[in-house]
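*Asks:* Got a structure for you, input.cif, holding mmCIF, C-alpha atoms (C1' of nucleotides).
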```cif
data_my_file
loop_
_atom_site.label_atom_id
_atom_site.label_comp_id
_atom_site.auth_asym_id
_atom_site.auth_seq_id
_atom_site.Cartn_x
_atom_site.Cartn_y
_atom_site.Cartn_z
CA MET A 1 -13.62 32.39 25.87
CA GLN A 2 -14.86 29.71 23.52
CA VAL A 3 -12.27 30.74 20.97
CA VAL A 4 -9.47 30.49 23.51
CA GLU A 5 -10.54 27.00 24.52
CA LEU A 6 -10.80 25.93 20.88
CA HIS A 7 -7.36 27.31 20.16
CA TYR A 8 -5.95 25.43 23.11
CA PHE A 9 -7.62 22.23 21.91
CA CYS A 10 -6.31 22.61 18.36
CA GLU A 11 -2.76 23.07 19.56
CA MET A 12 -3.07 19.84 21.48
CA ALA A 13 -4.53 18.08 18.43
CA LYS A 14 -1.87 19.43 16.10
CA GLN A 15 0.98 18.30 18.29
CA GLY A 16 -1.01 15.38 19.67
CA ARG A 17 1.94 13.86 21.45
CA ARG A 18 2.38 12.85 25.03
CA SER A 19 5.91 14.21 25.32
CA ASP A 20 9.01 15.11 23.31
CA CYS A 21 10.96 12.18 24.75
CA PRO A 22 12.70 10.23 21.97
CA ILE A 23 11.45 6.89 23.33
CA ASN A 24 7.92 8.24 23.29
CA PHE A 25 8.36 9.60 19.75
CA ALA A 26 9.19 6.10 18.55
CA LEU A 27 6.38 4.48 20.53
CA GLU A 28 3.78 6.82 19.08
CA LEU A 29 4.86 5.66 15.62
CA PHE A 30 5.52 1.94 16.03
CA GLY A 31 4.49 1.14 19.61
CA ASP A 32 2.08 -1.65 18.70
CA LYS A 33 2.11 -5.36 17.94
CA TRP A 34 2.21 -5.15 14.12
CA THR A 35 4.09 -2.20 12.64
CA LEU A 36 7.60 -3.54 13.27
CA LEU A 37 6.66 -6.88 11.70
CA ILE A 38 5.90 -5.12 8.40
CA ILE A 39 9.21 -3.27 8.64
CA ARG A 40 10.98 -6.57 9.46
CA ASP A 41 9.47 -8.18 6.35
CA MET A 42 10.76 -5.40 4.13
CA MET A 43 14.12 -5.15 5.86
CA PHE A 44 15.15 -8.78 6.27
CA LYS A 45 12.80 -10.94 4.24
CA GLY A 46 12.68 -9.22 0.86
CA LYS A 47 8.92 -8.78 1.09
CA HIS A 48 7.48 -5.82 -0.73
CA SER A 49 3.82 -6.46 -1.59
CA TYR A 50 0.53 -6.36 0.28
CA SER A 51 0.00 -10.09 -0.08
CA ASP A 52 3.56 -10.79 1.09
CA PHE A 53 2.81 -9.03 4.37
CA LEU A 54 -0.67 -10.53 4.59
CA HIS A 55 0.70 -14.06 4.38
CA SER A 56 3.46 -13.63 6.96
CA GLU A 57 3.63 -16.12 9.79
CA GLU A 58 1.89 -13.89 12.33
CA LYS A 59 -1.23 -13.50 10.17
CA ILE A 60 -1.96 -9.80 10.29
CA ALA A 61 -5.59 -8.87 9.54
CA THR A 62 -6.14 -7.09 6.23
CA ASN A 63 -7.67 -3.97 7.81
CA ILE A 64 -4.75 -3.61 10.23
CA LEU A 65 -2.28 -4.08 7.38
CA ALA A 66 -3.94 -1.41 5.25
CA ASP A 67 -4.00 0.94 8.24
CA ARG A 68 -0.33 0.42 9.15
CA LEU A 69 0.87 0.78 5.56
CA SER A 70 -0.82 4.16 5.27
CA LEU A 71 0.54 5.24 8.68
CA LEU A 72 4.06 4.23 7.63
CA GLU A 73 3.71 5.99 4.30
CA ASN A 74 2.47 9.18 5.98
CA ALA A 75 5.37 9.00 8.44
CA GLY A 76 7.86 8.75 5.56
CA ILE A 77 9.09 5.30 6.60
CA ILE A 78 7.98 3.58 3.39
CA ASN A 79 6.96 4.58 -0.10
CA LYS A 80 4.49 3.00 -2.46
CA SER A 81 4.82 2.57 -6.21
CA VAL A 82 3.08 0.60 -8.95
CA ASP A 83 4.67 -2.75 -9.78
CA PRO A 84 5.89 -2.33 -13.39
CA SER A 85 5.56 -6.06 -14.11
CA HIS A 86 2.06 -6.40 -12.63
CA GLY A 87 -0.24 -3.39 -12.98
CA SER A 88 -2.68 -4.25 -10.21
CA LYS A 89 0.06 -4.54 -7.61
CA PHE A 90 1.85 -1.98 -5.50
CA ILE A 91 5.41 -2.26 -4.28
CA TYR A 92 6.24 -1.02 -0.79
CA LYS A 93 9.84 -0.03 -0.03
CA LEU A 94 11.68 1.40 2.94
CA THR A 95 12.85 5.00 2.66
CA ALA A 96 16.22 6.11 4.09
CA LYS A 97 14.35 6.99 7.29
CA GLY A 98 12.96 3.46 7.38
CA ILE A 99 16.31 1.84 6.64
CA ASP A 100 17.78 3.84 9.53
CA LEU A 101 15.59 1.79 11.86
CA MET A 102 17.84 -1.20 11.23
CA PRO A 103 20.13 -0.78 14.28
CA ILE A 104 17.02 -0.91 16.48
CA LEU A 105 15.78 -4.10 14.84
CA VAL A 106 19.24 -5.67 15.05
CA GLU A 107 19.45 -5.01 18.79
CA VAL A 108 15.94 -6.39 19.27
CA ILE A 109 16.98 -9.58 17.46
CA VAL A 110 20.12 -9.91 19.58
CA TRP A 111 18.19 -9.46 22.83
CA SER A 112 15.38 -11.85 21.90
CA ALA A 113 17.82 -14.48 20.65
CA LYS A 114 19.57 -14.30 24.02
CA TYR A 115 16.46 -14.64 26.17
CA ASP A 116 14.06 -16.73 24.07
CA ALA A 117 14.91 -20.41 24.34
CA ASN A 118 12.69 -21.08 21.32
CA THR A 119 14.04 -18.35 19.09
CA ALA A 120 14.05 -18.83 15.33
CA THR A 121 17.11 -16.60 14.95
CA ASP A 122 19.79 -17.61 12.48
CA ARG A 123 23.10 -18.31 14.23
CA LYS A 124 25.01 -16.90 11.29
CA PHE A 125 23.21 -13.60 11.71
CA LEU A 126 24.15 -13.46 15.40
CA TYR A 127 27.74 -14.33 14.56
CA LYS A 128 27.93 -11.53 12.01
CA VAL A 129 26.43 -9.03 14.44
CA SER A 130 28.90 -9.87 17.20
CA ASN A 131 31.79 -9.95 14.78
CA ASP A 132 31.12 -6.92 12.58
CA ARG A 133 27.94 -5.10 13.51
CA GLU A 134 28.69 -2.01 11.44
CA GLY A 135 29.61 -4.11 8.40
CA LEU A 136 26.40 -6.12 8.58
CA ILE A 137 24.22 -3.04 8.99
CA ASN A 138 26.00 -1.30 6.12
CA SER A 139 25.72 -4.23 3.74
CA ILE A 140 21.97 -4.74 4.29
CA SER A 141 21.49 -0.99 4.22
CA THR A 142 23.32 -0.68 0.89
CA LYS A 143 21.23 -3.46 -0.60
CA LEU A 144 17.98 -1.81 0.53
CA LYS A 145 19.10 1.60 -0.70
CA GLY A 146 19.71 0.05 -4.09
CA GLU A 147 16.12 -1.12 -4.10
CA ILE A 148 14.87 2.39 -3.39
CA SER A 149 16.22 3.81 -6.66
CA MET A 150 15.07 0.91 -8.86
CA TYR A 151 11.51 2.14 -9.40
CA LYS A 152 11.33 5.89 -9.01
CA MET B 1 -13.20 -35.64 23.41
CA GLN B 2 -13.52 -32.87 25.93
CA VAL B 3 -10.17 -33.86 27.40
CA VAL B 4 -8.49 -33.76 24.01
CA GLU B 5 -9.88 -30.31 23.26
CA LEU B 6 -8.83 -29.06 26.67
CA HIS B 7 -5.33 -30.39 26.16
CA TYR B 8 -5.12 -28.71 22.79
CA PHE B 9 -6.34 -25.46 24.31
CA CYS B 10 -3.80 -25.60 27.12
CA GLU B 11 -0.93 -26.11 24.70
CA MET B 12 -2.05 -23.03 22.83
CA ALA B 13 -2.28 -21.06 26.05
CA LYS B 14 1.17 -22.18 27.20
CA GLN B 15 2.90 -21.22 23.98
CA GLY B 16 0.40 -18.52 23.07
CA ARG B 17 2.71 -16.87 20.60
CA ARG B 18 2.24 -15.86 17.00
CA SER B 19 5.69 -17.00 15.89
CA ASP B 20 9.23 -17.72 17.11
CA CYS B 21 10.62 -14.69 15.25
CA PRO B 22 12.84 -12.62 17.56
CA ILE B 23 11.13 -9.37 16.54
CA ASN B 24 7.79 -10.92 17.39
CA PHE B 25 9.11 -12.21 20.73
CA ALA B 26 9.99 -8.67 21.73
CA LEU B 27 6.72 -7.22 20.44
CA GLU B 28 4.64 -9.68 22.43
CA LEU B 29 6.40 -8.45 25.56
CA PHE B 30 6.75 -4.69 25.04
CA GLY B 31 4.88 -3.96 21.80
CA ASP B 32 2.58 -1.31 23.25
CA LYS B 33 2.58 2.40 24.00
CA TRP B 34 3.55 2.20 27.70
CA THR B 35 5.90 -0.63 28.69
CA LEU B 36 9.09 0.90 27.28
CA LEU B 37 8.35 4.19 29.06
CA ILE B 38 8.48 2.39 32.43
CA ILE B 39 11.75 0.73 31.41
CA ARG B 40 13.09 4.11 30.24
CA ASP B 41 12.25 5.64 33.65
CA MET B 42 14.17 2.93 35.47
CA MET B 43 17.05 2.87 33.02
CA PHE B 44 17.77 6.57 32.41
CA LYS B 45 15.83 8.59 34.97
CA GLY B 46 16.58 6.88 38.26
CA LYS B 47 12.90 6.22 38.91
CA HIS B 48 12.09 3.16 40.97
CA SER B 49 8.69 3.56 42.65
CA TYR B 50 5.06 3.27 41.59
CA SER B 51 4.42 6.98 42.12
CA ASP B 52 7.58 7.88 40.18
CA PHE B 53 6.19 6.10 37.13
CA LEU B 54 2.68 7.40 37.72
CA HIS B 55 3.87 11.00 37.66
CA SER B 56 5.98 10.74 34.52
CA GLU B 57 5.36 13.23 31.75
CA GLU B 58 3.19 10.91 29.65
CA LYS B 59 0.68 10.36 32.47
CA ILE B 60 0.12 6.62 32.47
CA ALA B 61 -3.17 5.46 34.04
CA THR B 62 -2.85 3.64 37.35
CA ASN B 63 -4.52 0.44 36.12
CA ILE B 64 -2.25 0.28 33.08
CA LEU B 65 0.81 0.88 35.27
CA ALA B 66 -0.16 -1.91 37.68
CA ASP B 67 -0.79 -4.25 34.74
CA ARG B 68 2.55 -3.49 33.04
CA LEU B 69 4.56 -3.79 36.26
CA SER B 70 3.17 -7.27 36.88
CA LEU B 71 3.79 -8.27 33.24
CA LEU B 72 7.38 -7.05 33.46
CA GLU B 73 7.90 -8.83 36.77
CA ASN B 74 6.49 -12.09 35.38
CA ALA B 75 8.75 -11.77 32.34
CA GLY B 76 11.80 -11.35 34.58
CA ILE B 77 12.57 -7.84 33.32
CA ILE B 78 12.15 -6.18 36.71
CA ASN B 79 12.00 -7.26 40.31
CA LYS B 80 10.07 -5.82 43.20
CA SER B 81 11.26 -5.40 46.78
CA VAL B 82 10.06 -3.57 49.88
CA ASP B 83 11.61 -0.14 50.41
CA PRO B 84 13.63 -0.57 53.64
CA SER B 85 13.23 3.10 54.54
CA HIS B 86 9.48 3.22 53.88
CA GLY B 87 7.50 0.05 54.61
CA SER B 88 4.45 0.83 52.46
CA LYS B 89 6.55 1.38 49.35
CA PHE B 90 7.97 -1.04 46.84
CA ILE B 91 11.13 -0.54 44.85
CA TYR B 92 11.20 -1.71 41.24
CA LYS B 93 14.56 -2.48 39.68
CA LEU B 94 15.73 -3.80 36.34
CA THR B 95 17.14 -7.32 36.31
CA ALA B 96 20.13 -8.24 34.13
CA LYS B 97 17.63 -9.23 31.43
CA GLY B 98 16.06 -5.79 31.70
CA ILE B 99 19.40 -3.98 31.68
CA ASP B 100 20.27 -5.88 28.50
CA LEU B 101 17.47 -3.97 26.76
CA MET B 102 19.66 -0.87 26.89
CA PRO B 103 21.20 -1.18 23.39
CA ILE B 104 17.67 -1.22 21.97
CA LEU B 105 16.66 1.89 23.88
CA VAL B 106 19.89 3.64 22.89
CA GLU B 107 19.26 2.98 19.20
CA VAL B 108 15.66 4.17 19.55
CA ILE B 109 16.90 7.41 21.09
CA VAL B 110 19.46 7.91 18.30
CA TRP B 111 16.85 7.32 15.59
CA SER B 112 14.21 9.56 17.15
CA ALA B 113 16.71 12.32 17.81
CA LYS B 114 17.66 12.22 14.13
CA TYR B 115 14.10 12.38 12.77
CA ASP B 116 12.14 14.34 15.37
CA ALA B 117 12.69 18.06 14.93
CA ASN B 118 11.21 18.65 18.41
CA THR B 119 13.19 16.00 20.25
CA ALA B 120 14.04 16.50 23.91
CA THR B 121 17.22 14.44 23.54
CA ASP B 122 20.34 15.60 25.36
CA ARG B 123 23.11 16.50 22.89
CA LYS B 124 25.72 15.21 25.31
CA PHE B 125 24.06 11.81 25.28
CA LEU B 126 24.14 11.70 21.47
CA TYR B 127 27.76 12.77 21.47
CA LYS B 128 28.69 10.02 23.90
CA VAL B 129 26.83 7.41 21.84
CA SER B 130 28.53 8.37 18.60
CA ASN B 131 31.89 8.64 20.29
CA ASP B 132 31.92 5.57 22.56
CA ARG B 133 28.72 3.58 22.37
CA GLU B 134 30.12 0.55 24.19
CA GLY B 135 31.58 2.71 26.95
CA LEU B 136 28.31 4.54 27.54
CA ILE B 137 26.26 1.34 27.62
CA ASN B 138 28.76 -0.29 29.99
CA SER B 139 28.87 2.63 32.40
CA ILE B 140 25.07 2.93 32.73
CA SER B 141 24.84 -0.84 32.88
CA THR B 142 27.39 -1.03 35.68
CA LYS B 143 25.56 1.62 37.66
CA LEU B 144 22.22 -0.22 37.28
CA LYS B 145 23.80 -3.56 38.17
CA GLY B 146 25.10 -1.99 41.37
CA GLU B 147 21.53 -1.03 42.22
CA ILE B 148 20.34 -4.61 41.74
CA SER B 149 22.52 -5.96 44.55
CA MET B 150 21.69 -3.18 47.02
CA TYR B 151 18.48 -4.72 48.33
CA LYS B 152 18.50 -8.47 47.86
"C1'" DT C 1 -5.55 8.75 66.03
"C1'" DC C 2 -5.71 11.72 62.26
"C1'" DG C 3 -4.76 12.91 57.70
"C1'" DA C 4 -1.89 11.98 54.01
"C1'" DC C 5 0.53 8.67 51.18
"C1'" DT C 6 1.27 4.10 49.19
"C1'" DA C 7 0.08 0.54 45.79
"C1'" DC C 8 -3.12 -1.10 44.18
"C1'" DT C 9 -8.51 -2.96 42.58
"C1'" DT C 10 -13.01 -2.32 40.59
"C1'" DG C 11 -16.50 -0.68 37.39
"C1'" DC C 12 -17.76 1.39 33.37
"C1'" DA C 13 -17.24 4.09 29.07
"C1'" DA C 14 -14.48 4.93 25.04
"C1'" DA C 15 -11.16 3.69 21.80
"C1'" DA C 16 -8.36 0.42 19.36
"C1'" DT C 17 -8.01 -3.92 17.34
"C1'" DA C 18 -9.52 -8.31 15.14
"C1'" DA C 19 -12.29 -11.30 12.18
"C1'" DA C 20 -15.37 -11.71 8.51
"C1'" DA C 21 -17.49 -10.30 4.62
"C1'" DG C 22 -17.85 -7.35 0.76
"C1'" DT C 23 -15.99 -4.32 -3.20
"C1'" DA C 24 -13.72 -2.66 -7.22
"C1'" DG C 25 -10.01 -2.84 -10.35
"C1'" DT C 26 -6.65 -5.85 -12.77
"C1'" DT C 27 -4.94 -10.14 -14.91
"C1'" DA C 28 -4.59 -14.85 -17.00
"C1'" DA C 29 -6.81 -18.48 -19.22
"C1'" DT C 30 -10.57 -20.31 -22.22
"C1'" DA D 1 -15.32 -11.88 -24.57
"C1'" DT D 2 -16.21 -14.15 -20.37
"C1'" DT D 3 -15.00 -16.02 -16.35
"C1'" DA D 4 -12.26 -17.15 -12.38
"C1'" DA D 5 -8.69 -15.72 -9.63
"C1'" DC D 6 -5.96 -12.15 -7.53
"C1'" DT D 7 -5.09 -7.52 -5.97
"C1'" DA D 8 -5.61 -3.87 -2.46
"C1'" DC D 9 -8.47 -2.39 -0.08
"C1'" DT D 10 -13.39 -0.85 2.85
"C1'" DT D 11 -17.17 -1.89 5.81
"C1'" DT D 12 -19.42 -4.15 9.48
"C1'" DT D 13 -19.55 -6.30 13.68
"C1'" DA D 14 -17.33 -8.39 17.72
"C1'" DT D 15 -13.75 -8.46 21.04
"C1'" DT D 16 -9.99 -6.51 23.54
"C1'" DT D 17 -7.51 -2.77 25.45
"C1'" DT D 18 -7.31 1.55 27.41
"C1'" DG D 19 -8.78 5.60 30.09
"C1'" DC D 20 -10.99 7.67 33.91
"C1'" DA D 21 -13.09 7.84 38.41
"C1'" DA D 22 -13.75 6.03 42.59
"C1'" DG D 23 -12.71 2.98 46.32
"C1'" DT D 24 -9.62 0.09 49.50
"C1'" DA D 25 -6.22 -1.59 52.63
"C1'" DG D 26 -1.87 -1.04 54.58
"C1'" DT D 27 1.78 2.36 56.20
"C1'" DC D 28 3.69 6.69 58.08
"C1'" DG D 29 4.60 11.04 60.45
"C1'" DA D 30 2.67 14.32 63.70
#
```
Go ahead and render the structure in this file as structure tokens.
*Replies:*
Amino acid sequence: MQVVELHYFCEMAKQGRRSDCPINFALELFGDKWTLLIIRDMMFKGKHSYSDFLHSEEKIATNILADRLSLLENAGIINKSVDPSHGSKFIYKLTAKGIDLMPILVEVIVWSAKYDANTATDRKFLYKVSNDREGLINSISTKLKGEISMYK
Amino acid sequence: MQVVELHYFCEMAKQGRRSDCPINFALELFGDKWTLLIIRDMMFKGKHSYSDFLHSEEKIATNILADRLSLLENAGIINKSVDPSHGSKFIYKLTAKGIDLMPILVEVIVWSAKYDANTATDRKFLYKVSNDREGLINSISTKLKGEISMYK
DNA sequence: TCGACTACTTGCAAAATAAAAGTAGTTAAT
DNA sequence: ATTAACTACTTTTATTTTGCAAGTAGTCGA
């Protein structure tokens, strides 16, 4: 009886998810206040190092940053490599799986720019999205994919 | 001196945001594990009452649900009206601002369906998105907008 | 008017998050 | 070679959020 209960518990722990809903799948990975900011920095701001993320406007705490970077690495969203020009530094880059998050981020930007009177969104970016969404996503995507292969 | 400090504090409380970045704007509103599930229920599952949300697969706690509903109402994402056919019930509906979140949710679904081997995503939905994204978003949007005007 | 249902609120424990301080391995300059 | 600064963390402690259980007040149908 104990064994059965343990087995049941382990199955729950292994899966550990609340449902197989795709919205829930995403929330369990980046449903918090910080993870998407790190991804934003890599995707749109050319940031790739620990101190880059640490010094972003929103001032993430160092323990939270370390935690989220390891979560993202384990989830296959980013990878980590030694900076060839600075041995004590690591470089964090988006994987293909991470780059594929771009359409989500783009739609978030469009929505927030529409409803936040104070938004810091670049008008040129919004123009490009409304004019040629696919083209914009592809061009940023291509640039980021180039970065992936640089240090591997 | 007290007055000055109080004034300073109030300004912080009024703005209260970490940055004007559009990604951050969205995260401050729905950057948690629950809020988007409530929006999903209203948007794709025809759920509109407190008990509908409470009994969803992910089993949200009643205090968290009450908190998120009032946050969403204050943010103008949903509105709340008395159920005409059942006086003790309220009906929660997405506003236009809430319906405009749909492109984000659609992209989340597409991404999760691609990377979650266990996803519960409907193949027909994915087919429609890849075939006529705008058409799909418009048809669900139109249906939801019809619901808005029903009880007002 | 009874029992069930509705949308909550309250209280408390547990978990997650944040801030601060500390650590260990480079690196750059003297 | 030594020191000061920088790097990516870890640890500790405090605060906030979440989860669970119970309670409440207003319907509703029989």
*Asks:* Quick check: residues of chain D within 10 Å of chain A, all atoms listed in the file, returned as number ranges by chain.
*Replies:* D: 6-11
*Asks:* So what does the PyMOL selection byres ((chain C and resi 1) around 12) actually pick up in this one, as a PyMOL selection string?
*Replies:* (chain C and resi 2-3) or (chain D and resi 29-30)
*Asks:* Could you name the residues that touch Gly98 in chain B at 9 Å or less, counting only C-alpha atoms (C1' of nucleotides), but leaving out those on the same chain fewer than 5 positions away, as a list in words?
*Replies:*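 My list of contacting residues is Ile39, Met43, Leu72, Gly76, Ile77, Ile78 and Lys93 of chain B.
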*Asks:* Compute the post-superposition RMSD of the C-alpha atoms of chain A relative to chain B, with atoms paired in order and the fit done by least squares.
*Replies:*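 Least-squares fit of chain A onto chain B, C-alpha RMSD 0.6 Å.
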*Asks:* Need the shell around DA14 in chain D: protein/DNA/RNA residues with any atom at most 12 Å away, counting only C-alpha atoms (C1' of nucleotides). Skip same-chain ones fewer than 4 positions apart. Format as a PyMOL selection string?
*Replies:* chain C and resi 17-20
*Asks:* Would you list the contacts of DT3 in chain D as a list in words, taking every protein, DNA or RNA residue within 12 Å and counting only C-alpha atoms (C1' of nucleotides), but skipping same-chain residues closer than 3 positions in sequence?
*Replies:*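 Contacts, with the query itself left out: DT27, DA28, DA29 and DT30 of chain C.
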*Asks:* Please return range 32-45 of chain A, rebuilt to N, CA and C atoms, as a PDB file, in the frame of the given file.
*Replies:*
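Contents of the output file rebuild.pdb:
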```
ATOM      1  N   ASP A  32       3.224  -0.738  18.769  1.00  0.00           N
ATOM      2  CA  ASP A  32       2.080  -1.650  18.700  1.00  0.00           C
ATOM      3  C   ASP A  32       2.593  -3.026  18.298  1.00  0.00           C
ATOM      4  N   LYS A  33       1.683  -3.975  18.164  1.00  0.00           N
ATOM      5  CA  LYS A  33       2.110  -5.360  17.940  1.00  0.00           C
ATOM      6  C   LYS A  33       2.409  -5.680  16.475  1.00  0.00           C
ATOM      7  N   TRP A  34       2.155  -4.779  15.539  1.00  0.00           N
ATOM      8  CA  TRP A  34       2.210  -5.150  14.120  1.00  0.00           C
ATOM      9  C   TRP A  34       3.204  -4.365  13.268  1.00  0.00           C
ATOM     10  N   THR A  35       3.335  -3.063  13.541  1.00  0.00           N
ATOM     11  CA  THR A  35       4.090  -2.200  12.640  1.00  0.00           C
ATOM     12  C   THR A  35       5.510  -2.698  12.376  1.00  0.00           C
ATOM     13  N   LEU A  36       6.210  -3.101  13.448  1.00  0.00           N
ATOM     14  CA  LEU A  36       7.600  -3.540  13.270  1.00  0.00           C
ATOM     15  C   LEU A  36       7.700  -4.844  12.485  1.00  0.00           C
ATOM     16  N   LEU A  37       6.625  -5.647  12.488  1.00  0.00           N
ATOM     17  CA  LEU A  37       6.660  -6.880  11.700  1.00  0.00           C
ATOM     18  C   LEU A  37       6.663  -6.570  10.208  1.00  0.00           C
ATOM     19  N   ILE A  38       5.917  -5.547   9.810  1.00  0.00           N
ATOM     20  CA  ILE A  38       5.900  -5.120   8.400  1.00  0.00           C
ATOM     21  C   ILE A  38       7.289  -4.611   8.019  1.00  0.00           C
ATOM     22  N   ILE A  39       7.860  -3.804   8.901  1.00  0.00           N
ATOM     23  CA  ILE A  39       9.210  -3.270   8.640  1.00  0.00           C
ATOM     24  C   ILE A  39      10.229  -4.416   8.574  1.00  0.00           C
ATOM     25  N   ARG A  40      10.113  -5.375   9.495  1.00  0.00           N
ATOM     26  CA  ARG A  40      10.980  -6.570   9.460  1.00  0.00           C
ATOM     27  C   ARG A  40      10.898  -7.276   8.117  1.00  0.00           C
ATOM     28  N   ASP A  41       9.662  -7.474   7.621  1.00  0.00           N
ATOM     29  CA  ASP A  41       9.470  -8.180   6.350  1.00  0.00           C
ATOM     30  C   ASP A  41      10.187  -7.472   5.198  1.00  0.00           C
ATOM     31  N   MET A  42      10.095  -6.156   5.190  1.00  0.00           N
ATOM     32  CA  MET A  42      10.760  -5.400   4.130  1.00  0.00           C
ATOM     33  C   MET A  42      12.269  -5.379   4.298  1.00  0.00           C
ATOM     34  N   MET A  43      12.705  -5.326   5.560  1.00  0.00           N
ATOM     35  CA  MET A  43      14.120  -5.150   5.860  1.00  0.00           C
ATOM     36  C   MET A  43      14.926  -6.435   5.708  1.00  0.00           C
ATOM     37  N   PHE A  44      14.365  -7.543   6.204  1.00  0.00           N
ATOM     38  CA  PHE A  44      15.150  -8.780   6.270  1.00  0.00           C
ATOM     39  C   PHE A  44      14.614  -9.922   5.425  1.00  0.00           C
ATOM     40  N   LYS A  45      13.389  -9.801   4.935  1.00  0.00           N
ATOM     41  CA  LYS A  45      12.800 -10.940   4.240  1.00  0.00           C
ATOM     42  C   LYS A  45      12.483 -10.669   2.771  1.00  0.00           C
TER      43      LYS A  45
END
```
